[in-house]
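Pasting entry-v5.txt here (compact mmCIF, C-alpha atoms):
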# COMPACT_ATOMS: atom_id res chain seq x y z
CA MET L 1 -16.96 8.27 -17.93
CA VAL L 2 -15.12 8.95 -14.65
CA SER L 3 -17.96 7.34 -12.66
CA SER L 4 -17.87 4.12 -14.68
CA ILE L 5 -14.08 3.95 -14.37
CA SER L 6 -14.29 4.44 -10.60
CA ASN L 7 -16.92 1.67 -10.36
CA SER L 8 -14.61 -0.65 -12.27
CA PHE L 9 -11.78 0.03 -9.85
CA VAL L 10 -14.07 -0.46 -6.83
CA ALA L 11 -15.23 -3.83 -8.16
CA THR L 12 -11.62 -4.84 -8.62
CA ALA L 13 -10.88 -3.75 -5.05
CA THR L 14 -13.60 -6.11 -3.75
CA ASP L 15 -12.13 -9.03 -5.66
CA PHE L 16 -8.68 -8.11 -4.39
CA LYS L 17 -9.88 -8.27 -0.78
CA GLY L 18 -11.41 -11.68 -1.49
CA ALA L 19 -8.07 -12.87 -2.81
CA ARG L 20 -6.34 -11.70 0.35
CA ARG L 21 -8.80 -13.64 2.52
CA LEU L 22 -8.17 -16.69 0.38
CA GLU L 23 -4.43 -16.28 0.85
CA MET L 24 -4.86 -16.18 4.61
CA SER L 25 -6.99 -19.33 4.56
CA ASN L 26 -4.22 -21.13 2.66
CA ALA L 27 -1.40 -20.07 4.97
CA LEU L 28 -0.15 -23.66 5.28
CA LYS L 29 0.49 -23.75 1.57
CA ARG L 30 3.40 -21.40 2.05
CA LEU L 31 5.38 -24.35 3.41
CA GLN L 32 5.37 -25.80 -0.09
CA LYS L 33 7.87 -23.11 -1.04
CA GLN L 34 10.43 -25.29 0.71
CA SER L 35 12.51 -27.51 -1.53
CA THR L 36 11.38 -31.08 -2.17
CA ALA L 37 14.50 -32.40 -0.46
CA THR L 38 13.66 -30.39 2.67
CA ARG L 39 10.08 -31.69 2.75
CA ILE L 40 11.27 -35.28 2.29
CA ALA L 41 13.78 -34.84 5.12
CA VAL L 42 11.04 -33.51 7.41
CA PHE L 43 8.78 -36.45 6.53
CA LEU L 44 11.50 -39.03 7.15
CA GLY L 45 12.27 -37.39 10.49
CA LEU L 46 8.62 -37.49 11.56
CA PHE L 47 8.13 -41.10 10.47
CA GLY L 48 11.42 -42.31 11.93
CA PHE L 49 10.66 -40.73 15.31
CA THR L 50 7.15 -42.22 15.37
CA ALA L 51 8.31 -45.72 14.38
CA SER L 52 11.20 -45.72 16.88
CA LEU L 53 8.88 -44.61 19.64
CA ASP L 54 6.36 -47.33 18.73
CA LEU L 55 9.03 -50.05 18.92
CA VAL L 56 10.45 -48.82 22.23
CA VAL L 57 7.45 -48.02 24.42
CA ASP L 58 5.27 -50.55 26.24
CA HIS L 59 3.57 -52.79 23.70
CA ASP L 60 0.30 -52.52 25.59
CA LEU L 61 0.15 -48.84 24.53
CA SER L 62 -0.95 -48.28 20.96
CA LEU L 63 0.67 -45.34 19.15
CA PHE L 64 -1.48 -45.73 16.05
CA ALA L 65 -2.72 -42.12 16.22
CA LEU L 66 0.84 -40.77 15.99
CA TYR L 67 1.20 -42.28 12.52
CA LEU L 68 -1.35 -39.75 11.33
CA ILE L 69 1.29 -37.00 11.63
CA PRO L 70 3.78 -38.23 8.98
CA THR L 71 0.94 -39.57 6.83
CA LEU L 72 -0.97 -36.27 6.77
CA TYR L 73 2.25 -34.33 6.17
CA ALA L 74 3.11 -36.57 3.22
CA ALA L 75 -0.41 -36.32 1.77
CA TRP L 76 -0.39 -32.51 1.92
CA TYR L 77 3.19 -31.59 1.05
CA LEU L 78 4.56 -34.59 -0.91
CA GLY L 79 1.54 -36.07 -2.65
CA THR L 80 -0.52 -39.25 -2.46
CA THR L 81 2.36 -41.52 -3.49
CA TRP L 82 4.38 -40.57 -0.45
CA ALA L 83 1.26 -40.76 1.74
CA TYR L 84 0.52 -44.33 0.63
CA ALA L 85 4.20 -45.19 1.10
CA SER L 86 3.95 -43.85 4.66
CA THR L 87 0.89 -46.03 5.24
CA LEU L 88 2.66 -49.17 3.98
CA ALA L 89 5.78 -48.36 6.00
CA GLY L 90 3.60 -48.01 9.08
CA GLY L 91 2.10 -51.44 8.33
CA VAL L 92 5.59 -52.93 8.19
CA VAL L 93 6.43 -51.44 11.58
CA TRP L 94 3.20 -52.79 13.08
CA PHE L 95 3.87 -56.24 11.59
CA ILE L 96 7.35 -56.33 13.12
CA ASP L 97 6.02 -55.03 16.42
CA ASP L 98 3.33 -57.72 16.53
CA TRP L 99 5.54 -60.57 15.30
CA PRO L 100 5.44 -63.58 17.68
CA GLY L 101 8.47 -63.73 19.88
CA TRP L 102 8.86 -60.00 20.33
CA HIS L 103 6.68 -60.21 23.43
CA SER L 104 4.49 -62.81 25.10
CA TYR L 105 1.23 -60.96 24.68
CA HIS L 106 -0.09 -57.73 23.21
CA TYR L 107 -3.25 -55.98 24.25
CA ALA L 108 -3.85 -52.49 22.84
CA LEU L 109 -5.30 -50.09 25.36
CA VAL L 110 -7.29 -48.55 22.46
CA PRO L 111 -8.55 -51.28 20.15
CA TYR L 112 -8.01 -50.16 16.52
CA GLY L 113 -8.65 -53.57 15.01
CA ASN L 114 -6.19 -55.78 13.26
CA LEU L 115 -3.32 -54.76 10.95
CA ALA L 116 -5.54 -54.63 7.85
CA GLY L 117 -8.06 -52.46 9.67
CA ARG L 118 -5.43 -49.96 10.75
CA LEU L 119 -4.06 -49.79 7.22
CA ALA L 120 -7.56 -49.25 5.86
CA VAL L 121 -8.11 -46.35 8.27
CA LEU L 122 -4.91 -44.61 7.12
CA VAL L 123 -5.76 -45.20 3.45
CA ILE L 124 -9.20 -43.67 3.90
CA ILE L 125 -7.66 -40.66 5.67
CA VAL L 126 -5.16 -40.21 2.81
CA VAL L 127 -7.99 -40.32 0.25
CA ILE L 128 -10.03 -37.73 2.17
CA VAL L 129 -7.09 -35.37 2.74
CA SER L 130 -5.98 -35.63 -0.90
CA ALA L 131 -9.49 -34.89 -2.13
CA LEU L 132 -9.76 -31.91 0.23
CA LYS L 133 -6.41 -30.56 -0.90
CA ASN L 134 -7.33 -30.89 -4.57
CA ALA L 135 -10.66 -29.15 -3.97
CA LEU L 136 -8.97 -26.25 -2.14
CA GLU L 137 -6.34 -25.91 -4.85
CA ASP L 138 -9.02 -25.89 -7.56
CA GLN L 139 -10.97 -23.23 -5.67
CA TYR L 140 -7.83 -21.17 -5.09
CA GLU L 141 -6.86 -21.41 -8.76
CA ALA L 142 -10.37 -20.47 -9.94
CA GLU L 143 -10.49 -17.41 -7.66
CA ARG L 144 -6.93 -16.49 -8.60
CA ARG L 145 -7.86 -16.50 -12.28
CA VAL L 146 -10.83 -14.23 -11.53
CA VAL L 147 -8.62 -11.78 -9.62
CA VAL L 148 -5.95 -11.83 -12.33
CA ARG L 149 -8.55 -11.17 -15.00
CA GLU L 150 -10.04 -8.29 -13.00
CA LEU L 151 -6.59 -6.79 -12.53
CA GLU L 152 -5.93 -7.12 -16.25
CA ILE L 153 -9.17 -5.26 -16.97
CA ALA L 154 -8.29 -2.57 -14.44
CA SER L 155 -4.84 -2.27 -16.01
CA GLU L 156 -6.38 -1.84 -19.46
CA VAL L 157 -8.73 0.84 -18.11
CA GLN L 158 -5.84 2.69 -16.50
CA LYS L 159 -3.80 2.61 -19.69
CA ARG L 160 -6.74 4.12 -21.56
CA LEU L 161 -6.89 6.92 -19.02
CA LEU L 162 -3.30 7.87 -19.79
CA PRO L 163 -2.13 9.30 -23.14
CA SER L 164 -0.88 6.71 -25.59
CA GLN L 165 0.69 9.24 -27.97
CA PRO L 166 2.55 12.51 -27.39
CA PRO L 167 0.60 15.69 -28.26
CA ASP L 168 1.09 17.42 -31.59
CA ILE L 169 1.85 21.04 -30.68
CA ALA L 170 3.47 23.33 -33.23
CA GLY L 171 7.00 24.18 -32.21
CA LEU L 172 7.28 21.53 -29.49
CA ASP L 173 8.72 18.04 -29.60
CA VAL L 174 7.26 15.87 -26.83
CA GLY L 175 8.18 12.33 -25.85
CA PHE L 176 7.41 10.13 -22.87
CA LEU L 177 8.24 6.81 -21.23
CA TYR L 178 5.85 4.87 -18.98
CA ARG L 179 6.79 1.61 -17.23
CA PRO L 180 4.57 0.43 -14.37
CA ALA L 181 6.25 -1.89 -11.89
CA ARG L 182 3.03 -3.90 -11.47
CA GLN L 183 -0.17 -4.34 -13.42
CA LEU L 184 -1.53 -1.18 -11.81
CA SER L 185 0.51 1.97 -11.38
CA GLY L 186 0.47 4.94 -9.03
CA ASP L 187 2.24 7.22 -11.53
CA TYR L 188 0.26 9.80 -13.47
CA TYR L 189 1.08 11.88 -16.52
CA ASP L 190 -1.09 13.84 -18.90
CA PHE L 191 -1.05 16.37 -21.73
CA LEU L 192 -3.99 18.75 -21.80
CA PRO L 193 -4.26 21.06 -24.84
CA LEU L 194 -5.77 24.36 -23.66
CA SER L 195 -5.62 26.09 -27.03
CA SER L 196 -3.66 25.94 -30.27
CA GLU L 197 -0.76 27.65 -28.51
CA ARG L 198 -1.14 26.48 -24.89
CA ILE L 199 -0.73 23.05 -23.38
CA ALA L 200 -0.73 21.79 -19.80
CA ILE L 201 1.84 19.15 -18.88
CA THR L 202 1.29 17.17 -15.69
CA ILE L 203 3.09 14.37 -13.91
CA GLY L 204 2.54 12.90 -10.46
CA ASP L 205 3.49 10.07 -8.14
CA VAL L 206 0.84 8.70 -5.78
CA SER L 207 1.88 7.29 -2.41
CA GLY L 208 1.45 3.53 -2.47
CA LYS L 209 1.39 1.06 -5.32
CA GLY L 210 -1.01 -1.41 -6.87
CA LEU L 211 -4.75 -0.96 -6.67
CA PRO L 212 -4.87 1.73 -3.92
CA GLY L 213 -2.43 3.89 -5.87
CA ALA L 214 -4.35 3.36 -9.10
CA LEU L 215 -7.62 4.43 -7.48
CA LEU L 216 -6.06 7.63 -6.17
CA MET L 217 -4.47 8.26 -9.56
CA ALA L 218 -7.87 8.01 -11.28
CA SER L 219 -9.37 10.42 -8.75
CA LEU L 220 -6.50 12.86 -9.25
CA GLN L 221 -6.87 12.77 -13.02
CA SER L 222 -10.58 13.55 -12.87
CA LEU L 223 -9.92 16.57 -10.62
CA VAL L 224 -7.14 17.87 -12.85
CA ARG L 225 -9.06 17.49 -16.10
CA THR L 226 -12.17 19.20 -14.78
CA ASP L 227 -10.44 22.12 -13.03
CA LEU L 228 -7.23 22.95 -14.82
CA ALA L 229 -8.88 24.34 -17.95
CA VAL L 230 -10.81 26.82 -15.82
CA ARG L 231 -7.86 27.88 -13.70
CA GLU L 232 -5.10 27.72 -16.27
CA SER L 233 -3.93 31.21 -15.34
CA GLU L 234 -4.28 30.62 -11.57
CA LEU L 235 -1.89 27.77 -10.87
CA ARG L 236 -1.32 28.69 -7.24
CA SER L 237 -5.04 28.76 -6.51
CA PHE L 238 -5.56 25.56 -8.44
CA ALA L 239 -2.84 23.75 -6.46
CA LYS L 240 -4.26 24.92 -3.15
CA LYS L 241 -7.81 23.80 -3.96
CA LEU L 242 -6.66 20.51 -5.47
CA SER L 243 -4.62 19.70 -2.36
CA LYS L 244 -7.57 20.46 -0.11
CA ARG L 245 -9.90 18.24 -2.16
CA LEU L 246 -7.48 15.32 -2.01
CA TYR L 247 -7.00 15.77 1.73
CA GLU L 248 -10.76 15.64 2.30
CA GLU L 249 -11.41 12.69 -0.02
CA THR L 250 -8.50 10.36 0.79
CA ALA L 251 -7.00 8.66 3.84
CA GLN L 252 -4.49 10.59 5.92
CA GLU L 253 -1.55 8.49 4.81
CA ARG L 254 -2.31 9.16 1.14
CA TYR L 255 -0.75 12.06 -0.77
CA VAL L 256 0.53 12.93 -4.23
CA THR L 257 3.76 14.54 -5.37
CA PHE L 258 2.77 16.56 -8.40
CA PHE L 259 4.23 18.86 -11.04
CA PHE L 260 2.06 20.73 -13.49
CA ALA L 261 2.89 23.45 -15.94
CA VAL L 262 1.27 25.51 -18.67
CA LEU L 263 3.46 26.09 -21.71
CA ASP L 264 2.66 28.95 -24.11
CA THR L 265 4.34 28.59 -27.50
CA SER L 266 3.37 32.11 -28.60
CA SER L 267 5.28 33.80 -25.76
CA LEU L 268 7.73 30.96 -25.12
CA ALA L 269 6.86 30.99 -21.41
CA LEU L 270 6.46 28.08 -19.03
CA HIS L 271 4.42 28.64 -15.84
CA TYR L 272 4.56 25.84 -13.29
CA VAL L 273 3.90 24.72 -9.71
CA ASN L 274 5.85 21.91 -8.07
CA ALA L 275 3.94 20.17 -5.26
CA GLY L 276 6.69 18.20 -3.54
CA HIS L 277 7.71 16.41 -6.74
CA ASN L 278 11.21 15.58 -7.95
CA PRO L 279 12.36 18.90 -9.45
CA PRO L 280 12.28 18.64 -13.24
CA LEU L 281 15.55 19.37 -15.05
CA PHE L 282 15.55 22.26 -17.51
CA PHE L 283 18.51 22.30 -19.90
CA ARG L 284 19.34 25.47 -21.79
CA LYS L 285 21.18 24.78 -24.99
CA TRP L 286 23.13 28.05 -25.09
CA THR L 287 24.67 27.57 -21.61
CA LEU L 288 25.83 23.99 -22.03
CA SER L 289 28.97 25.00 -23.92
CA ARG L 290 30.12 27.02 -20.91
CA ARG L 291 29.04 24.98 -17.90
CA LYS L 292 28.97 21.22 -18.16
CA SER L 293 25.60 19.59 -17.53
CA ASN L 294 24.10 22.87 -16.44
CA ALA L 295 20.44 22.40 -15.68
CA GLU L 296 17.94 24.50 -13.81
CA MET L 297 15.74 22.74 -11.27
CA LEU L 298 12.08 23.73 -11.33
CA ASP L 299 11.34 23.48 -7.61
CA LYS L 300 9.06 26.42 -6.83
CA GLY L 301 5.79 25.27 -5.28
CA GLY L 302 4.94 23.69 -1.96
CA PRO L 303 4.22 20.41 -0.14
CA PRO L 304 2.71 17.30 -1.77
CA LEU L 305 -1.00 17.42 -2.56
CA GLY L 306 -3.33 16.08 0.11
CA LEU L 307 -0.72 16.05 2.85
CA PHE L 308 -2.18 18.95 4.88
CA PRO L 309 -5.69 20.41 5.18
CA GLU L 310 -4.44 23.83 4.06
CA SER L 311 -1.35 24.40 1.92
CA GLU L 312 0.11 27.43 0.17
CA TYR L 313 1.98 27.24 -3.11
CA LEU L 314 4.33 29.40 -5.14
CA SER L 315 4.52 29.40 -8.91
CA GLY L 316 7.53 29.71 -11.16
CA ARG L 317 8.12 31.04 -14.65
CA VAL L 318 10.74 30.05 -17.21
CA SER L 319 11.45 31.64 -20.59
CA LEU L 320 12.08 29.17 -23.39
CA GLN L 321 14.49 29.28 -26.32
CA GLU L 322 15.31 27.10 -29.28
CA GLY L 323 16.88 23.80 -28.26
CA ASP L 324 15.87 24.00 -24.59
CA VAL L 325 14.95 20.65 -23.09
CA LEU L 326 12.64 19.98 -20.14
CA VAL L 327 12.88 16.59 -18.40
CA VAL L 328 10.08 15.69 -15.96
CA TYR L 329 10.22 12.35 -14.17
CA THR L 330 9.05 10.31 -11.19
CA ASP L 331 11.35 8.90 -8.51
CA GLY L 332 11.30 5.48 -10.17
CA VAL L 333 13.93 6.84 -12.59
CA LEU L 334 16.36 7.87 -9.86
CA ASP L 335 15.61 4.89 -7.59
CA ALA L 336 16.41 2.21 -10.17
CA VAL L 337 19.08 -0.03 -8.62
CA ASN L 338 21.71 -2.42 -9.91
CA THR L 339 22.79 -5.76 -8.48
CA GLU L 340 24.90 -3.95 -5.88
CA GLN L 341 21.87 -1.92 -4.69
CA GLU L 342 23.37 1.30 -6.08
CA GLN L 343 20.81 3.83 -7.31
CA PHE L 344 20.76 5.28 -10.81
CA GLY L 345 20.63 8.77 -9.31
CA GLU L 346 20.23 12.29 -10.61
CA GLU L 347 23.81 12.72 -11.84
CA ARG L 348 23.50 9.81 -14.26
CA LEU L 349 20.20 11.23 -15.49
CA ARG L 350 21.78 14.66 -16.00
CA GLU L 351 24.73 13.23 -17.87
CA THR L 352 22.53 11.08 -20.09
CA VAL L 353 20.35 14.04 -21.08
CA ARG L 354 23.31 16.38 -21.54
CA THR L 355 24.92 14.02 -24.07
CA SER L 356 21.60 13.56 -25.90
CA LEU L 357 20.42 17.15 -26.41
CA SER L 358 20.87 16.94 -30.17
CA LEU L 359 18.33 14.10 -30.34
CA SER L 360 14.55 14.33 -30.51
CA ALA L 361 12.42 14.15 -27.36
CA SER L 362 11.44 10.53 -28.03
CA GLU L 363 15.05 9.60 -28.71
CA ILE L 364 16.13 11.22 -25.44
CA CYS L 365 13.54 9.10 -23.61
CA HIS L 366 14.83 6.03 -25.39
CA ARG L 367 18.43 6.90 -24.50
CA ILE L 368 17.52 7.30 -20.83
CA ALA L 369 15.68 3.97 -20.87
CA GLU L 370 18.71 2.26 -22.43
CA ARG L 371 21.02 3.74 -19.82
CA MET L 372 18.70 2.66 -17.00
CA ASP L 373 18.37 -0.88 -18.39
CA ALA L 374 22.12 -1.23 -18.75
CA PHE L 375 22.64 0.08 -15.22
CA SER L 376 20.04 -2.14 -13.55
CA ALA L 377 20.56 -5.27 -15.66
CA GLY L 378 19.70 -8.30 -13.57
CA SER L 379 17.74 -6.33 -10.96
CA PRO L 380 13.92 -6.27 -10.88
CA GLN L 381 11.98 -3.03 -11.26
CA TRP L 382 10.62 -2.04 -7.84
CA ASP L 383 8.95 1.28 -8.65
CA ASP L 384 6.89 2.79 -11.44
CA VAL L 385 8.92 4.71 -14.01
CA THR L 386 7.46 7.72 -15.81
CA LEU L 387 9.39 10.23 -17.87
CA VAL L 388 8.30 13.20 -20.02
CA VAL L 389 10.68 15.15 -22.25
CA VAL L 390 9.78 18.43 -23.96
CA LYS L 391 12.10 20.06 -26.49
CA VAL L 392 11.65 23.47 -28.11
CA LYS L 393 11.95 23.36 -31.88
CA SER L 394 13.52 26.11 -33.94
CA GLU L 395 10.24 26.93 -35.65
CA VAL L 396 8.56 28.02 -32.43
CA ALA L 397 11.47 30.33 -31.64
CA ASP L 398 11.22 31.85 -35.13
CA LEU L 399 7.45 32.34 -34.76
CA SER L 400 7.95 34.02 -31.40
CA THR L 401 10.52 36.40 -32.88
CA VAL L 402 8.22 37.28 -35.77
CA GLY L 403 5.37 37.93 -33.35
CA LYS L 404 7.48 40.31 -31.28
CA GLU L 405 8.65 42.18 -34.40
CA LEU L 406 5.05 42.61 -35.58
CA GLN L 407 4.06 43.98 -32.18
CA GLU L 408 6.95 46.45 -32.32
CA GLY L 409 5.97 47.48 -35.85
CA HIS L 410 2.39 48.18 -34.80
CA GLY L 411 3.75 50.15 -31.86
CA ASP L 412 5.71 52.44 -34.24
Output the file's structure as structure tokens, nothing else.
Amino acid sequence: MVSSISNSFVATATDFKGARRLEMSNALKRLQKQSTATRIAVFLGLFGFTASLDLVVDHDLSLFALYLIPTLYAAWYLGTTWAYASTLAGGVVWFIDDWPGWHSYHYALVPYGNLAGRLAVLVIIVVIVSALKNALEDQYEAERRVVVRELEIASEVQKRLLPSQPPDIAGLDVGFLYRPARQLSGDYYDFLPLSSERIAITIGDVSGKGLPGALLMASLQSLVRTDLAVRESELRSFAKKLSKRLYEETAQERYVTFFFAVLDTSSLALHYVNAGHNPPLFFRKWTLSRRKSNAEMLDKGGPPLGLFPESEYLSGRVSLQEGDVLVVYTDGVLDAVNTEQEQFGEERLRETVRTSLSLSASEICHRIAERMDAFSAGSPQWDDVTLVVVKVKSEVADLSTVGKELQEGHGD
């Protein structure tokens, strides 16, 4: 499965490189981004300069070749109508220049034939250039459609790699939000059930965007899914080995900020390691009435994965209670900007969650998304946005209490 997915991404990478070569070969087409009025002004300037020069210089010197400049410009950037108009305007200038009485004799140093012959040469050139332009545009459009289709397929594959629904774990309410900035994303999230009472929650942000980030994300997911189940009780060792593998298998400038945790609903304990990721926010319901927007930051861990050949990591542990809320996110949430280039920031995220703790996990995600959209209205999304919210239900707290009482009873 992982091999076929990797092959699909590699094939897309090849097509992407082909598209970049095509873009370089069509560098002149970038000039068409100029407004039509600007292109017309440039054409009129070129033609006016050429015609004025032709009427002023010695009539024994033919400037026919200079008329190719405005004619070719018109054919490429304004269309055949303007190119033919340039040809006819050139014919008018030649007719005036050759009109009897302007000078006693006229001998062209380079014989281009009569007026009709010169016009015919320009017309033929316009036809050839227009045909070449149309052929290049058709080729560019055909290859662009292939690349777009391949990217769409790669995007579909990536979406299938990521969970489409939150996990159903007794006692936990889980919600998530995933918004890639492009067709392919460098954000990663996953829910890995380890048993009926244990689940691994992961989220990561790969350096880079687009196809390179998506390839690294797929590689990261395969490593996590194959190793985490074995080392679920050895998070520090797992992080160290995972970082080393990524360092060996990726380019030096590539790394991953990563947070992964194992949540046990039977003991209400959360074990985690934070590898250079934005510290998740952990809200305790019973402290919020005393300290406004109080939230613990889960920051124990180490450097991003793959950044160094050898890295050491610490692990953290948090005890859970009814109503506690865990918010894990990528930097796309904090870095969302408005029209004044002001960032959404951590304080707005804290305040949004604090005022939404009575809602379900999915509703909290929706509330955060609404707040972000209202804040950044009118501004494009520049970074991938991924958000995971975990809320402890009352039933899991009750089950934990019953379990402890039974253990105490057996002890007596």
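Minimum atom-to-atom distance to Pro166 of chain L, evaluated using only C-alpha atoms, belongs to L:Ile199 out of L:Leu246, L:Ala377, L:Ala295, L:Ile199.
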Practice item. Name the closest residue to Arg160 of chain L among the candidates L:Ala218, L:Glu137, L:Tyr73, L:Ile40; distances are taken between atoms, counting all atoms listed in the file. Key: L:Ala218
Review point. Excluding same-chain residues fewer than 6 positions from Ser130 of chain L, what lies within 9 Å of it counting all atoms listed in the file, as a list in words?
Key: Ala75, Trp76, Gly79 and Thr80 of chain L
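Each of L:Ile125, L:Leu192, L:Val388, L:Ala275 was compared to Tyr84 of chain L using only C-alpha atoms, and L:Ile125 turns out to be the nearest.
Once Arg354 of chain L and its same-chain neighbours fewer than 3 positions away are set aside, Phe283, Arg284, Lys285, Leu288, Lys292, Ser293, Asn294, Ala295, Val325, Arg348, Leu349, Arg350, Glu351, Leu357, Ser358 and Ile364 of chain L remain within 10 Å of it when counting all atoms listed in the file.
Residues lying within 8 Å of (1.5, -1.1, -5.4). Counted over all atoms listed in the file, they are Arg182, Leu184, Ser185, Gly186, Gly208, Lys209, Gly210, Leu211, Pro212 and Gly213 of chain L.
Note that the spacing between atom CA of Thr81 of chain L and atom CA of Val127 of chain L amounts to 11.1 Å.
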Point to revise | Residue contacts of Gly91 of chain L (9 Å, all atoms listed in the file) excluding same-chain residues fewer than 4 positions away, as JSON, numbers by chain | key: {"L": [86, 87, 95, 96, 115, 116, 118, 119]}
Next, dump the selected residues to file, keeping only C-alpha atoms, as a CSV table (one decimal), keeping the file's coordinate frame.
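Printed below is result_8.csv as written:
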chain,number,residue,atom,x,y,z
L,86,SER,CA,4.0,-43.8,4.7
L,87,THR,CA,0.9,-46.0,5.2
L,95,PHE,CA,3.9,-56.2,11.6
L,96,ILE,CA,7.4,-56.3,13.1
L,115,LEU,CA,-3.3,-54.8,11.0
L,116,ALA,CA,-5.5,-54.6,7.8
L,118,ARG,CA,-5.4,-50.0,10.8
L,119,LEU,CA,-4.1,-49.8,7.2
Neighbouring residues of Trp94 of chain L were defined as those with any atom within 9 Å, considering only C-alpha atoms; residues of the same chain fewer than 6 positions away were excluded. Please report them as a CSV table (one decimal) with C-alpha atoms, in the frame of the given file.
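After the write, around15.csv holds the following:
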chain,number,residue,atom,x,y,z
L,51,ALA,CA,8.3,-45.7,14.4
L,54,ASP,CA,6.4,-47.3,18.7
L,55,LEU,CA,9.0,-50.0,18.9
L,64,PHE,CA,-1.5,-45.7,16.0
L,115,LEU,CA,-3.3,-54.8,11.0
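Here the question is which of L:Asp299, L:Gln183, L:Ser219, L:Asp335 gets nearest to Val147 of chain L using all atoms listed in the file, and that residue is L:Gln183.
Ranking L:Phe47, L:Tyr329, L:Phe344, L:Phe258 by their shortest atom-to-atom distance to Arg371 of chain L, with all atoms listed in the file included, puts L:Phe344 first.
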Point to revise | Option closest in space to Leu215 of chain L, from L:Ala239, L:Leu161, L:Val148, L:Ile201 [counting all atoms listed in the file] | key: L:Leu161
Exercise for review: Pick out the residues sitting within 9 Å of Leu298 of chain L, and hand them over as a list in words; count all atoms listed in the file, and ignore anything fewer than 4 positions along from it in its own chain.
Suggested key: Tyr272, Val273, Asn274, Asn278, Pro279, Pro280, Leu281, Phe282, Gly316, Arg317 and Val318 of chain L
